[in-house]
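Novice: One file: work_0.txt (compact mmCIF, C-alpha atoms and all ligand atoms).
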```
# COMPACT_ATOMS: atom_id res chain seq x y z
CA MET A 1 10.71 3.79 14.35
CA ARG A 2 8.64 2.37 11.55
CA LYS A 3 4.95 3.20 11.22
CA LYS A 4 2.11 0.72 11.65
CA ILE A 5 -0.38 1.28 8.84
CA ALA A 6 -3.92 0.18 7.95
CA ALA A 7 -4.42 1.07 4.28
CA ALA A 8 -7.76 0.66 2.50
CA ASN A 9 -7.68 -0.08 -1.22
CA TRP A 10 -11.17 0.49 -2.59
CA LYS A 11 -10.10 -0.52 -6.12
CA MET A 12 -12.82 0.20 -8.74
CA ASN A 13 -15.71 -0.09 -6.29
CA LEU A 14 -18.45 2.22 -4.95
CA THR A 15 -20.17 5.25 -6.40
CA VAL A 16 -19.18 8.58 -4.94
CA GLN A 17 -22.29 8.56 -2.73
CA GLU A 18 -21.48 5.08 -1.45
CA GLY A 19 -17.86 6.07 -0.89
CA GLU A 20 -18.83 9.16 1.09
CA LYS A 21 -21.20 7.12 3.24
CA LEU A 22 -18.50 4.52 3.91
CA LEU A 23 -15.92 7.14 4.87
CA ASP A 24 -18.42 8.97 7.08
CA GLU A 25 -19.24 5.72 8.87
CA ILE A 26 -15.57 4.95 9.47
CA LEU A 27 -14.60 8.48 10.51
CA LYS A 28 -17.52 8.88 12.91
CA ASP A 29 -15.81 6.25 15.09
CA LYS A 30 -13.06 8.84 15.62
CA ILE A 31 -10.45 6.16 16.21
CA VAL A 32 -7.51 7.94 17.78
CA LEU A 33 -4.19 7.01 16.23
CA ASN A 34 -0.94 7.38 18.10
CA ASP A 35 2.17 8.95 16.57
CA ASN A 36 3.23 5.60 15.22
CA GLN A 37 -0.06 4.54 13.62
CA GLN A 38 -1.62 5.60 10.32
CA ALA A 39 -4.89 4.97 8.49
CA ILE A 40 -4.81 5.48 4.72
CA PHE A 41 -7.69 5.45 2.23
CA ALA A 42 -6.80 4.69 -1.39
CA VAL A 43 -9.92 5.83 -3.21
CA PRO A 44 -10.68 6.14 -6.94
CA PHE A 45 -9.26 9.28 -8.61
CA PRO A 46 -12.59 11.17 -8.86
CA TYR A 47 -13.10 10.86 -5.08
CA LEU A 48 -9.64 12.02 -3.97
CA GLN A 49 -10.66 15.58 -3.25
CA ILE A 50 -13.78 14.65 -1.28
CA ALA A 51 -11.90 12.06 0.74
CA GLN A 52 -9.06 14.49 1.41
CA GLU A 53 -11.54 17.10 2.69
CA LYS A 54 -13.21 14.55 4.96
CA ILE A 55 -9.98 13.43 6.66
CA SER A 56 -8.43 16.88 6.94
CA GLY A 57 -7.65 17.74 10.55
CA MET A 58 -7.67 14.08 11.60
CA LYS A 59 -4.28 13.10 12.98
CA ASN A 60 -2.48 10.40 11.02
CA TYR A 61 -5.34 9.81 8.58
CA PHE A 62 -4.26 10.07 4.94
CA VAL A 63 -5.66 9.66 1.44
CA ALA A 64 -3.87 7.80 -1.35
CA ALA A 65 -4.28 7.56 -5.09
CA GLN A 66 -4.38 3.97 -6.38
CA ASP A 67 -1.93 4.71 -9.19
CA CYS A 68 -0.35 7.57 -11.13
CA SER A 69 1.08 8.18 -14.57
CA ASP A 70 4.74 7.42 -15.26
CA LYS A 71 4.88 10.68 -17.25
CA LYS A 72 5.12 14.14 -15.75
CA SER A 73 2.51 15.89 -17.90
CA GLY A 74 1.40 16.33 -21.48
CA ALA A 75 -0.51 14.55 -24.20
CA TYR A 76 -1.50 11.39 -22.31
CA THR A 77 -5.27 11.33 -22.52
CA GLY A 78 -6.92 9.70 -19.52
CA GLU A 79 -3.81 9.67 -17.35
CA VAL A 80 -3.47 11.28 -13.91
CA SER A 81 -0.16 12.85 -12.95
CA VAL A 82 1.61 13.01 -9.60
CA ASP A 83 1.41 16.81 -9.78
CA MET A 84 -2.39 16.60 -10.09
CA ILE A 85 -2.60 14.27 -7.11
CA ALA A 86 -0.31 16.51 -5.03
CA SER A 87 -2.34 19.57 -5.96
CA LEU A 88 -5.26 18.04 -4.00
CA GLN A 89 -3.02 17.77 -0.91
CA VAL A 90 -3.19 13.99 -1.25
CA THR A 91 -0.03 12.53 0.29
CA HIS A 92 0.25 8.88 -0.78
CA VAL A 93 0.21 6.89 -4.04
CA ILE A 94 -0.02 3.13 -4.47
CA ILE A 95 2.07 1.79 -7.32
CA GLY A 96 2.73 -1.64 -8.77
CA HIS A 97 -0.40 -3.36 -7.51
CA SER A 98 -0.46 -6.84 -9.04
CA GLU A 99 -3.74 -6.01 -10.79
CA ARG A 100 -2.02 -3.14 -12.60
CA ARG A 101 1.12 -5.16 -13.34
CA ALA A 102 -1.02 -7.95 -14.85
CA ASN A 103 -3.86 -6.01 -16.52
CA PHE A 104 -1.88 -3.02 -17.76
CA ASN A 105 1.53 -4.61 -18.35
CA GLU A 106 3.30 -2.36 -15.88
CA SER A 107 7.02 -3.09 -15.99
CA SER A 108 9.63 -2.61 -13.28
CA GLN A 109 11.09 0.30 -15.24
CA MET A 110 7.70 2.00 -15.48
CA LEU A 111 7.29 1.60 -11.72
CA ALA A 112 10.75 3.05 -11.12
CA ASP A 113 9.72 6.06 -13.23
CA LYS A 114 6.50 6.49 -11.22
CA LEU A 115 8.43 6.17 -7.98
CA ASN A 116 10.85 8.91 -9.02
CA LEU A 117 8.00 11.29 -9.83
CA ILE A 118 6.21 10.54 -6.54
CA LEU A 119 9.34 11.01 -4.44
CA ALA A 120 10.42 14.14 -6.32
CA LYS A 121 7.07 15.68 -5.40
CA GLY A 122 7.54 14.74 -1.74
CA LEU A 123 4.70 12.20 -1.68
CA THR A 124 4.85 8.73 -0.16
CA PRO A 125 4.74 5.74 -2.50
CA ILE A 126 3.21 2.45 -1.38
CA PHE A 127 5.09 -0.01 -3.56
CA CYS A 128 3.39 -3.39 -4.04
CA CYS A 129 5.15 -6.65 -4.76
CA GLY A 130 4.17 -10.30 -4.58
CA GLU A 131 4.28 -13.61 -6.38
CA SER A 132 1.68 -15.70 -8.23
CA LEU A 133 0.57 -19.15 -7.11
CA ASP A 134 2.78 -20.82 -9.77
CA ILE A 135 5.84 -19.10 -8.40
CA ARG A 136 4.95 -19.92 -4.78
CA GLU A 137 4.40 -23.58 -5.71
CA SER A 138 7.75 -23.75 -7.46
CA GLY A 139 9.42 -22.36 -4.32
CA LYS A 140 10.89 -19.36 -6.17
CA GLN A 141 8.92 -16.64 -4.35
CA ASN A 142 11.88 -15.16 -2.50
CA ASP A 143 13.95 -14.61 -5.64
CA PHE A 144 10.95 -13.31 -7.55
CA VAL A 145 10.02 -10.69 -4.98
CA ALA A 146 13.64 -9.65 -4.41
CA THR A 147 13.90 -9.03 -8.16
CA GLN A 148 10.77 -6.87 -8.12
CA ILE A 149 12.32 -4.84 -5.30
CA SER A 150 15.77 -4.53 -6.85
CA GLU A 151 14.51 -3.61 -10.32
CA SER A 152 12.23 -0.80 -9.15
CA LEU A 153 13.84 0.46 -5.94
CA PHE A 154 17.58 -0.11 -5.90
CA HIS A 155 18.35 2.98 -7.98
CA LEU A 156 17.07 5.21 -5.16
CA GLU A 157 19.27 7.30 -2.90
CA PRO A 158 19.02 5.89 0.65
CA ALA A 159 17.44 9.11 1.92
CA LEU A 160 14.58 8.66 -0.57
CA MET A 161 14.23 4.93 0.06
CA GLU A 162 13.39 5.76 3.66
CA LYS A 163 10.18 7.39 2.45
CA VAL A 164 8.88 4.29 0.66
CA VAL A 165 6.25 2.00 2.14
CA ILE A 166 6.24 -1.57 0.82
CA ALA A 167 3.20 -3.82 0.56
CA TYR A 168 3.80 -7.54 0.13
CA GLU A 169 0.71 -9.00 -1.52
CA PRO A 170 0.90 -12.63 -2.63
CA ILE A 171 -1.35 -12.72 -5.70
CA TRP A 172 -2.85 -16.05 -4.64
CA ALA A 173 -4.18 -14.41 -1.47
CA ILE A 174 -5.76 -11.33 -3.08
CA GLY A 175 -9.55 -11.40 -3.08
CA THR A 176 -9.50 -15.18 -2.68
CA GLY A 177 -10.25 -15.44 1.02
CA LYS A 178 -6.98 -17.39 1.25
CA THR A 179 -4.61 -15.54 3.57
CA ALA A 180 -0.93 -16.30 3.83
CA THR A 181 -0.31 -17.92 7.19
CA THR A 182 1.23 -15.60 9.72
CA ALA A 183 4.44 -17.60 9.36
CA GLU A 184 4.43 -17.24 5.55
CA ALA A 185 3.85 -13.50 5.86
CA GLN A 186 6.50 -13.04 8.54
CA ASP A 187 9.07 -15.14 6.60
CA MET A 188 8.59 -13.10 3.43
CA HIS A 189 8.71 -9.80 5.31
CA VAL A 190 12.01 -10.81 6.91
CA HIS A 191 13.31 -11.75 3.47
CA LEU A 192 12.22 -8.38 2.08
CA ARG A 193 13.84 -6.55 4.97
CA ASN A 194 17.07 -8.52 4.49
CA THR A 195 16.99 -7.73 0.77
CA LEU A 196 16.62 -4.03 1.57
CA ALA A 197 19.34 -4.23 4.26
CA GLY A 198 21.75 -5.81 1.78
CA HIS A 199 21.50 -2.78 -0.47
CA PHE A 200 20.54 0.15 1.76
CA GLY A 201 21.91 -0.96 5.13
CA ASP A 202 20.33 -2.25 8.33
CA LYS A 203 19.15 1.09 9.67
CA ILE A 204 17.05 1.98 6.62
CA ALA A 205 15.70 -1.55 6.27
CA ALA A 206 14.64 -1.55 9.93
CA ASP A 207 12.75 1.73 9.48
CA ILE A 208 10.72 0.79 6.40
CA SER A 209 7.10 -0.21 6.93
CA ILE A 210 6.25 -3.46 5.16
CA LEU A 211 2.50 -4.09 4.93
CA TYR A 212 0.87 -7.42 4.22
CA GLY A 213 -2.02 -7.59 1.73
CA GLY A 214 -4.25 -10.46 0.69
CA SER A 215 -7.56 -11.24 2.40
CA VAL A 216 -6.82 -9.24 5.55
CA LYS A 217 -10.06 -9.18 7.56
CA GLY A 218 -11.26 -7.99 10.93
CA ASN A 219 -10.80 -11.48 12.32
CA ASN A 220 -7.21 -12.12 11.20
CA ALA A 221 -5.69 -8.64 11.45
CA VAL A 222 -4.53 -8.86 15.07
CA GLU A 223 -2.65 -12.08 14.45
CA LEU A 224 -1.05 -10.88 11.22
CA PHE A 225 -0.12 -7.47 12.63
CA SER A 226 1.40 -9.06 15.73
CA GLN A 227 4.21 -10.52 13.62
CA PRO A 228 7.37 -8.54 14.28
CA ASP A 229 8.00 -7.68 10.61
CA VAL A 230 4.39 -7.15 9.51
CA ASP A 231 3.75 -3.44 9.92
CA GLY A 232 0.06 -3.41 9.06
CA GLY A 233 -2.04 -4.24 6.02
CA LEU A 234 -3.19 -3.17 2.58
CA VAL A 235 -6.83 -4.18 2.57
CA GLY A 236 -9.15 -4.62 -0.41
CA GLY A 237 -12.51 -6.35 0.15
CA ALA A 238 -12.71 -5.80 3.91
CA SER A 239 -12.03 -2.09 3.51
CA LEU A 240 -15.44 -1.68 1.84
CA ASN A 241 -17.21 -2.43 5.11
CA ALA A 242 -17.02 0.25 7.81
CA GLN A 243 -17.15 -2.10 10.77
CA GLU A 244 -14.55 -4.45 9.30
CA PHE A 245 -12.13 -1.67 8.44
CA CYS A 246 -12.56 -0.01 11.84
CA THR A 247 -11.71 -3.34 13.45
CA ILE A 248 -8.62 -3.57 11.23
CA ILE A 249 -7.49 -0.05 12.19
CA LYS A 250 -7.99 -0.91 15.84
CA SER A 251 -5.87 -4.04 15.35
CA LEU A 252 -2.76 -1.98 14.69
CA PRO A 253 -0.22 -2.54 17.46
P1 LIG B 301 -8.07 -8.19 -0.65
O1 LIG B 301 -7.19 -7.22 -1.60
O2 LIG B 301 -7.93 -7.66 0.75
O3 LIG B 301 -9.46 -8.09 -1.19
O4 LIG B 301 -7.48 -9.56 -0.78
C1 LIG B 301 -5.96 -6.73 -1.18
C2 LIG B 301 -5.36 -5.85 -2.27
O5 LIG B 301 -5.44 -6.23 -3.45
O6 LIG B 301 -4.81 -4.78 -2.00
```
In structure tokens, write the structure found in this file.
Specialist:
Amino acid sequence: MRKKIAAANWKMNLTVQEGEKLLDEILKDKIVLNDNQQAIFAVPFPYLQIAQEKISGMKNYFVAAQDCSDKKSGAYTGEVSVDMIASLQVTHVIIGHSERRANFNESSQMLADKLNLILAKGLTPIFCCGESLDIRESGKQNDFVATQISESLFHLEPALMEKVVIAYEPIWAIGTGKTATTAEAQDMHVHLRNTLAGHFGDKIAADISILYGGSVKGNNAVELFSQPDVDGGLVGGASLNAQEFCTIIKSLP
């Protein structure tokens, strides 16, 4: 059965002191997660170890890196490898966020390389996809997102694909306050699941968690997460507020 996930993406926000305070505030609520629910905190690289220590011992709470290098190791000044992330006991890595695709020219091949390194190390990738406003307005969003999926994921063995979490984040809804309607989110998630089923089979497609991202807030999470194919959210802005993010975690079905 697929997991229901509330994932915080802090992006490049908060000092370490502010981050610790935020995490402490969220964790003091001691929200109990059932076997099928997960809360994940994607914090900046320098805070991974502190965040990992804070959540250790809490059932179904995890820490994620927001990115990783597409190279294994070596002379890549400033880069952070999957091995480094794993050595902190961190379990998840976001890849392919639209901000990285746009600002750092990340290609589908580069994301496939990152994915291979993450999976080879036994970590869980959270693979982001999503279309721009232009593409949505031209009605080509389904083809666009299916291409993102096929170019970066279709080379995987089915047993490895099962470990991938997908986040659908329409770019026009990120940080804009403009959320996809529940129907738009559900329609795209069904399309993504069908795309995965076409290549990997129905069983694997049914078991993959597909998160929605883009202006998820405390007041829209229940409705979004109640859609049958929306398995939780990847949350930017609202994850920087303890009360908001606790409400979002509690909105998981
Ligand atoms: P947002 O960001 O919740 O601030 O729209 C989501 C994301 O980019 O992951």
Novice: Report the distance between atom O4 of ligand LIG 301 (chain B) and CA of Met12 (chain A) in Å, rounded to one decimal place.
Specialist: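 Taking atom O4 of ligand LIG 301 (chain B) as the start and CA of Met12 (chain A) as the end point, the length is 13.7 Å.
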Novice: Could you tell me, counting all atoms listed in the file, which protein and nucleic acid residues lie no more than 6 Å from ligand LIG 301 (chain B), written as a PyMOL selection string?
Specialist: chain A and resi 9+173-175+213-216+234-237
Novice: Counting all atoms listed in the file, which of A:Ile31, A:Ile171, A:Ala185, A:Val190 gets nearest to Ile135 (chain A)?
Specialist: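 For Ile135 (chain A), the nearest of the given residues is A:Ile171.
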Novice: Please compute the CA of Met161 (chain A)-CA of Leu119 (chain A) distance, one decimal, in Å.
Specialist: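 Separation of CA of Met161 (chain A) and CA of Leu119 (chain A): 9.0 Å.
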Novice: Between A:Val32, A:Val80, A:Val90, A:Leu160, single out the one closest to Phe200 (chain A), counting only C-alpha atoms.
Specialist: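 Answer, going by the shortest atom-to-atom distance: A:Leu160.
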Novice: What would region 52-63 of chain A look like with N, CA and C atoms restored, written as an mmCIF file, keeping the file's coordinate frame?
Specialist:
```
data_model
loop_
_atom_site.group_PDB
_atom_site.id
_atom_site.type_symbol
_atom_site.label_atom_id
_atom_site.label_comp_id
_atom_site.auth_asym_id
_atom_site.auth_seq_id
_atom_site.Cartn_x
_atom_site.Cartn_y
_atom_site.Cartn_z
ATOM 1 N N GLN A 52 -10.076 13.657 0.765
ATOM 2 C CA GLN A 52 -9.060 14.490 1.410
ATOM 3 C C GLN A 52 -9.722 15.520 2.323
ATOM 4 N N GLU A 53 -10.832 16.108 1.853
ATOM 5 C CA GLU A 53 -11.540 17.100 2.690
ATOM 6 C C GLU A 53 -12.093 16.436 3.954
ATOM 7 N N LYS A 54 -12.602 15.225 3.801
ATOM 8 C CA LYS A 54 -13.210 14.550 4.960
ATOM 9 C C LYS A 54 -12.172 14.214 6.039
ATOM 10 N N ILE A 55 -10.958 13.841 5.631
ATOM 11 C CA ILE A 55 -9.980 13.430 6.660
ATOM 12 C C ILE A 55 -9.145 14.616 7.158
ATOM 13 N N SER A 56 -9.324 15.785 6.558
ATOM 14 C CA SER A 56 -8.430 16.880 6.940
ATOM 15 C C SER A 56 -8.659 17.235 8.409
ATOM 16 N N GLY A 57 -7.567 17.437 9.121
ATOM 17 C CA GLY A 57 -7.650 17.740 10.550
ATOM 18 C C GLY A 57 -7.625 16.491 11.412
ATOM 19 N N MET A 58 -7.720 15.304 10.794
ATOM 20 C CA MET A 58 -7.670 14.080 11.600
ATOM 21 C C MET A 58 -6.226 13.569 11.636
ATOM 22 N N LYS A 59 -5.702 13.431 12.834
ATOM 23 C CA LYS A 59 -4.280 13.100 12.980
ATOM 24 C C LYS A 59 -3.964 11.693 12.468
ATOM 25 N N ASN A 60 -2.988 11.661 11.577
ATOM 26 C CA ASN A 60 -2.480 10.400 11.020
ATOM 27 C C ASN A 60 -3.478 9.650 10.140
ATOM 28 N N TYR A 61 -4.485 10.351 9.630
ATOM 29 C CA TYR A 61 -5.340 9.810 8.580
ATOM 30 C C TYR A 61 -4.867 10.429 7.259
ATOM 31 N N PHE A 62 -4.764 9.598 6.230
ATOM 32 C CA PHE A 62 -4.260 10.070 4.940
ATOM 33 C C PHE A 62 -5.093 9.497 3.802
ATOM 34 N N VAL A 63 -5.008 10.169 2.652
ATOM 35 C CA VAL A 63 -5.660 9.660 1.440
ATOM 36 C C VAL A 63 -4.574 9.297 0.439
#
```
